[in-house]
>>> print(open('my_file.txt').read())   # compact mmCIF, C-alpha atoms
# COMPACT_ATOMS: atom_id res chain seq x y z
CA MET H 26 9.76 -77.87 110.44
CA LEU H 27 7.79 -74.75 111.30
CA SER H 28 4.90 -76.85 112.60
CA LYS H 29 7.35 -78.86 114.70
CA MET H 30 7.73 -75.69 116.75
CA LEU H 31 4.25 -74.22 116.29
CA VAL H 32 2.24 -77.26 117.40
CA PRO H 33 3.92 -77.72 120.82
CA ILE H 34 3.68 -73.99 121.53
CA HIS H 35 -0.02 -74.08 120.78
CA ILE H 36 -0.58 -77.17 122.95
CA TRP H 37 1.35 -75.68 125.87
CA ARG H 38 -0.67 -72.53 125.61
CA SER H 39 -3.97 -74.41 125.41
CA THR H 40 -3.21 -76.70 128.34
CA GLY H 41 -1.38 -74.12 130.48
CA ASP H 42 1.78 -76.22 130.46
CA PHE H 43 4.21 -73.67 131.87
CA ILE H 44 6.92 -76.21 132.83
CA ASN H 45 7.54 -77.47 129.29
CA ALA H 46 7.22 -73.97 127.84
CA LYS H 47 9.82 -72.64 130.26
CA GLU H 48 12.16 -75.52 129.43
CA PHE H 49 11.75 -74.83 125.72
CA TYR H 50 12.40 -71.13 126.24
CA ASN H 51 15.56 -71.79 128.27
CA GLU H 52 16.87 -74.13 125.61
CA TYR H 53 16.30 -71.97 122.55
CA SER H 54 16.72 -68.45 123.90
CA THR H 55 20.39 -69.08 124.67
CA VAL H 56 22.96 -67.69 122.24
CA ASP H 57 25.80 -70.01 121.23
CA GLU H 58 29.44 -68.92 121.36
CA SER H 59 29.61 -68.90 117.55
CA TYR H 60 27.01 -66.13 117.43
CA ILE H 61 28.52 -64.01 120.19
CA LYS H 62 31.02 -62.65 117.62
CA ILE H 63 28.17 -61.45 115.38
CA HIS H 64 26.54 -60.02 118.50
CA ASP H 65 29.55 -57.66 118.87
CA TYR H 66 29.31 -56.52 115.24
CA ILE H 67 25.57 -55.91 115.60
CA ILE H 68 26.11 -53.78 118.71
CA GLU H 69 28.82 -51.76 116.92
CA ASP H 70 26.56 -51.12 113.92
CA SER H 71 23.31 -50.49 115.76
CA ILE H 72 21.70 -47.10 115.31
CA SER H 73 20.27 -45.48 118.42
CA ILE H 74 16.50 -45.14 118.59
CA ARG H 75 15.23 -41.97 116.99
CA ARG H 76 13.35 -39.53 119.17
CA SER H 77 11.00 -36.94 117.80
CA LEU H 78 10.71 -33.44 119.16
CA GLN H 79 7.37 -31.72 118.77
CA HIS H 80 6.85 -27.98 119.04
CA ASN H 81 3.75 -26.74 120.84
CA VAL H 82 1.08 -24.34 119.63
CA ILE H 83 -0.26 -22.04 122.35
CA LEU H 84 -3.58 -20.22 122.20
CA SER H 85 -3.38 -17.02 124.22
CA GLU H 86 -6.32 -15.26 125.94
CA ASN H 87 -6.63 -12.58 123.23
CA GLY H 88 -7.04 -15.29 120.57
CA SER H 89 -3.59 -15.13 118.97
CA ILE H 90 -1.73 -18.35 118.25
CA THR H 91 1.99 -18.70 118.89
CA VAL H 92 4.40 -21.52 118.30
CA LYS H 93 6.74 -22.45 121.11
CA LYS H 94 9.98 -24.01 119.88
CA TYR H 95 12.45 -26.13 121.79
CA SER H 96 16.11 -26.98 121.40
CA ALA H 97 16.94 -30.25 119.65
CA SER H 98 18.13 -32.03 122.78
CA PHE H 99 16.81 -34.35 125.49
CA GLU H 100 16.07 -31.26 127.62
CA GLY H 101 14.00 -29.86 124.74
CA ILE H 102 11.97 -33.07 124.46
CA ILE H 103 11.27 -33.08 128.22
CA GLU H 104 10.22 -29.40 128.16
CA SER H 105 7.95 -30.06 125.18
CA PHE H 106 6.25 -32.95 127.00
CA ILE H 107 5.80 -30.91 130.18
CA ASP H 108 4.20 -28.01 128.30
CA ARG H 109 1.94 -30.35 126.35
CA TYR H 110 0.72 -32.39 129.29
CA ILE H 111 0.93 -29.79 132.07
CA LYS H 112 -2.84 -29.94 132.63
CA ASN H 113 -2.66 -33.70 133.19
CA PHE H 114 0.15 -33.23 135.72
CA GLN H 115 -1.80 -30.59 137.65
CA SER H 116 -4.79 -32.90 138.09
CA LEU H 117 -2.63 -35.60 139.65
CA PRO H 118 -2.69 -35.79 143.47
CA MET H 119 0.68 -34.61 144.75
CA MET E 114 7.75 -86.10 111.69
CA VAL E 115 5.71 -87.46 114.57
CA LEU E 116 4.85 -85.39 117.57
CA PHE E 117 4.22 -87.10 120.87
CA LEU E 118 2.93 -84.64 123.38
CA PHE E 119 1.12 -85.63 126.52
CA VAL E 120 -1.30 -83.32 128.21
CA ILE E 121 -0.01 -83.03 131.76
CA SER E 122 -1.64 -79.81 132.95
CA ARG E 123 -4.74 -77.69 132.70
CA TYR E 124 -5.97 -74.26 133.73
CA GLU E 125 -7.44 -74.14 137.21
CA HIS E 126 -10.37 -71.91 138.12
CA ASN E 127 -9.50 -68.19 137.73
CA GLU E 128 -6.22 -68.95 135.96
CA THR E 129 -5.53 -67.31 132.62
CA TYR E 130 -2.81 -67.65 130.00
CA GLU E 131 -1.21 -64.39 131.15
CA SER E 132 -1.39 -65.23 134.87
CA LYS E 133 0.15 -68.67 134.38
CA PHE E 134 2.87 -67.83 131.84
CA GLY E 135 3.81 -64.39 133.15
CA ASP E 136 6.73 -62.94 131.17
CA LEU E 137 6.69 -65.85 128.75
CA ALA E 138 3.11 -65.10 127.65
CA GLU E 139 4.10 -62.27 125.32
CA ILE E 140 7.10 -64.17 123.94
CA PHE E 141 5.06 -67.22 122.98
CA THR E 142 2.26 -65.09 121.52
CA ASN E 143 4.80 -63.34 119.30
CA CYS E 144 6.39 -66.68 118.45
CA ARG E 145 3.07 -68.12 117.34
CA ALA E 146 2.24 -65.08 115.23
CA GLU E 147 5.64 -65.06 113.53
CA LEU E 148 5.58 -68.81 112.87
CA CYS E 149 2.08 -68.58 111.38
CA SER E 150 3.15 -65.75 109.09
CA LEU E 151 6.20 -67.71 107.91
CA TYR E 152 3.97 -70.73 107.33
CA PHE E 153 1.37 -68.82 105.33
CA VAL E 154 4.04 -67.40 103.02
CA TYR E 155 3.97 -70.72 101.18
CA PHE E 156 0.26 -70.57 100.31
CA LYS E 157 -0.68 -69.19 96.92
CA GLU E 158 -4.14 -68.30 98.22
CA ILE E 159 -2.55 -65.76 100.57
CA HIS E 160 -0.55 -64.15 97.77
CA LYS E 161 -3.73 -63.86 95.70
CA ILE E 162 -5.44 -61.83 98.42
CA PHE E 163 -2.74 -59.18 98.02
CA GLU E 164 -3.09 -59.32 94.22
CA LEU E 165 0.54 -60.28 93.69
CA GLU E 166 1.74 -61.65 90.38
CA GLU E 167 2.42 -65.35 90.37
CA SER E 168 5.85 -64.87 88.85
CA PHE E 169 6.94 -63.01 92.00
CA TYR E 170 5.95 -65.74 94.47
CA ASP E 171 9.40 -67.29 94.74
CA ASN E 172 11.03 -63.90 95.14
CA ILE E 173 8.57 -62.97 97.88
CA ILE E 174 9.26 -66.16 99.85
CA TYR E 175 12.99 -65.58 99.46
CA THR E 176 12.78 -61.93 100.55
CA ILE E 177 10.62 -62.68 103.57
CA TRP E 178 13.03 -65.37 104.79
CA LEU E 179 16.02 -63.15 104.25
CA LEU E 180 14.37 -60.31 106.17
CA PHE E 181 13.32 -62.68 108.93
CA ILE E 182 16.88 -64.01 109.37
CA ARG E 183 18.27 -60.49 109.35
CA GLU E 184 15.77 -59.31 111.96
CA ALA E 185 16.47 -62.38 114.09
CA LEU E 186 20.20 -61.66 114.06
CA LEU E 187 19.63 -57.96 114.75
CA SER E 188 17.48 -58.84 117.76
CA LEU E 189 20.70 -60.12 119.36
CA LYS E 190 21.42 -56.52 120.34
CA HIS E 191 18.93 -57.03 123.19
CA TYR E 192 21.07 -59.88 124.53
CA ASN E 193 23.54 -59.33 127.33
CA LYS E 194 26.48 -61.63 126.69
CA GLU E 195 28.11 -61.04 130.09
CA LYS E 196 25.03 -61.99 132.09
CA LYS E 197 23.91 -64.46 129.41
CA GLU E 198 20.36 -63.22 129.51
CA TRP E 199 18.00 -61.11 127.42
CA ARG E 200 17.78 -57.46 128.38
CA LEU E 201 14.39 -57.34 126.69
CA PRO E 202 13.01 -60.89 126.90
CA SER E 203 10.03 -59.94 124.72
CA GLN E 204 12.45 -59.42 121.81
CA SER E 205 13.90 -62.92 122.03
CA TYR E 206 11.16 -64.61 119.98
CA LEU E 207 12.79 -64.09 116.56
CA TRP E 208 16.06 -65.53 117.78
CA MET E 209 14.20 -68.47 119.34
CA ILE E 210 12.64 -69.39 115.99
CA LEU E 211 15.91 -69.07 114.08
CA ASN E 212 17.79 -70.99 116.76
CA PHE E 213 15.18 -73.74 116.66
CA LEU E 214 15.40 -74.02 112.87
CA LEU E 215 19.22 -74.06 112.92
CA LYS E 216 19.42 -76.69 115.63
CA ASN E 217 16.76 -78.94 114.13
CA ALA E 218 17.72 -78.69 110.46
CA THR E 219 19.54 -81.72 109.06
CA ASN E 220 22.09 -79.31 107.69
CA GLU E 221 22.59 -75.80 109.04
CA GLN E 222 23.28 -74.51 105.52
CA ASP E 223 19.71 -75.43 104.55
CA ILE E 224 18.51 -72.49 106.60
CA MET E 225 21.25 -69.94 106.05
CA ASN E 226 24.92 -69.41 105.35
CA LEU E 227 26.77 -66.94 107.49
CA HIS E 228 29.97 -65.40 106.20
CA VAL E 229 31.82 -63.48 108.88
CA ASN E 230 34.44 -61.00 107.77
CA GLU E 231 36.71 -60.41 110.76
CA GLU E 232 38.79 -57.71 109.05
CA LYS E 233 35.82 -55.52 108.24
CA ARG E 234 34.01 -56.64 111.39
CA SER E 235 30.92 -57.43 109.38
CA TYR E 236 28.84 -60.41 108.35
CA LYS E 237 26.88 -61.51 105.31
CA ILE E 238 23.85 -63.78 105.22
CA SER E 239 22.98 -65.89 102.23
CA VAL E 240 19.95 -68.12 101.82
CA ASN E 241 19.58 -71.07 99.51
CA ARG E 242 16.33 -70.74 97.57
CA TYR E 243 15.98 -74.46 96.99
CA SER E 244 16.23 -75.34 100.68
CA LEU E 245 13.63 -72.73 101.59
CA ASN E 246 11.05 -74.57 99.59
CA LEU E 247 12.29 -77.77 101.18
CA ILE E 248 11.36 -76.53 104.65
CA LEU E 249 7.69 -76.76 103.84
CA LYS E 250 7.78 -79.58 101.31
CA VAL E 251 9.29 -82.01 103.81
CA GLN E 252 6.59 -81.01 106.21
CA GLN E 253 3.72 -81.60 103.77
CA PHE E 254 5.27 -84.83 102.60
CA CYS E 255 5.44 -86.22 106.10
CA ALA E 256 1.89 -85.27 106.86
CA THR E 257 0.57 -87.27 103.93
CA ASP E 258 2.97 -90.20 103.63
CA LYS E 259 3.26 -92.57 106.58
CA LYS E 260 6.40 -94.22 105.17
CA CYS E 261 8.21 -90.94 105.43
CA PHE E 262 7.64 -90.61 109.18
CA GLN E 263 10.76 -92.52 110.12
CA LYS E 264 12.97 -90.58 107.71
CA CYS E 265 12.02 -87.29 109.24
>>> encode(input="my_file.txt", output="structure tokens")
Amino acid sequence: MLSKMLVPIHIWRSTGDFINAKEFYNEYSTVDESYIKIHDYIIEDSISIRRSLQHNVILSENGSITVKKYSASFEGIIESFIDRYIKNFQSLPM
Amino acid sequence: MVLFLFVISRYEHNETYESKFGDLAEIFTNCRAELCSLYFVYFKEIHKIFELEESFYDNIIYTIWLLFIREALLSLKHYNKEKKEWRLPSQSYLWMILNFLLKNATNEQDIMNLHVNEEKRSYKISVNRYSLNLILKVQQFCATDKKCFQKC
């Protein structure tokens, strides 16, 4: 049964048969009414994507190293990214 | 199982898989990879490469199928039921495979059993070990025995 699906996909890919591939996608990517109920339960249970916040280490002119910490929030993550990649931003044409 | 597929198209000069298939290119690439991995699960030679004990083979097949079905159902979170379209089309490949298997199986219970608990708003998946082996056995049988073609 797996090859029943795998073989056509491979042939469509090899022969550039977009029409049949699109038809197949439209048929099997649809979600039946019976699964819509589970869809609701999945949405209710889903955990939001984890984001990681990284502190930055700054090397000052006199050679001392300091750690710059940020608050555990979206603002903190944005600030951390700006500080880390500030040199890349400066080189961009404004 | 007999497949009749006619070649009706070809790539023109300067056309590539990505240029012709567009958004579908990634979906079908993922589909192919996932299907191959599910297919290879049944080969002892593959298990040997990872130095797995032979007594675990059945458990491994069972676990991989269970995880696959779970992942396929979880991928429904990328589906927008109001617009009836995928928010992230690239994530639809797992559901496509499961949907294909469910629609083409002689009996839906051969693939999985779904127990929905409306009170707790939860669901439970159970998989029949015997039918999992059947998925491939039928396939091998048909490939070698011409008489079986019509049955499948």
>>> interface_residues(input="my_file.txt", of="chain H", to="chain E", cutoff="7 Å", atoms="all atoms listed in the file", output="number ranges by chain")
H: 26-27, 31, 38, 40-43, 53-54, 64, 66-68
>>> atom_distance(input="my_file.txt", atom1="CA of Lys29 in chain H", atom2="CA of Glu52 in chain H")
15.2 Å
>>> residues_around(input="my_file.txt", residues="Ala97 in chain H", least_positions_apart="3", cutoff="10 Å", atoms="all atoms listed in the file", output="ChimeraX atom specification")
/H:76-79,94,100-102
>>> atom_distance(input="my_file.txt", atom1="CA of Val240 in chain E", atom2="CA of Asn172 in chain E")
11.9 Å
>>> atom_distance(input="my_file.txt", atom1="CA of Ala46 in chain H", atom2="CA of Asn220 in chain E")
25.6 Å
>>> closest_residue(input="my_file.txt", among="E:Asn241, E:Asn143, E:Lys157, E:His228", to="Ser59 in chain H", atoms="only C-alpha atoms")
E:His228
>>> residues_around(input="my_file.txt", residues="Arg109 in chain H", least_positions_apart="4", cutoff="10 Å", atoms="all atoms listed in the file", output="PyMOL selection string")
chain H and resi 79-83+103-105+113-114
>>> axis_aligned_box(input="my_file.txt", around="range 127-143 of chain E", padding_each_side="8 Å", output="lines of an AutoDock Vina configuration file")
center_x = -1.2
center_y = -65.6
center_z = 128.5
size_x = 32.6
size_y = 22.7
size_z = 34.4
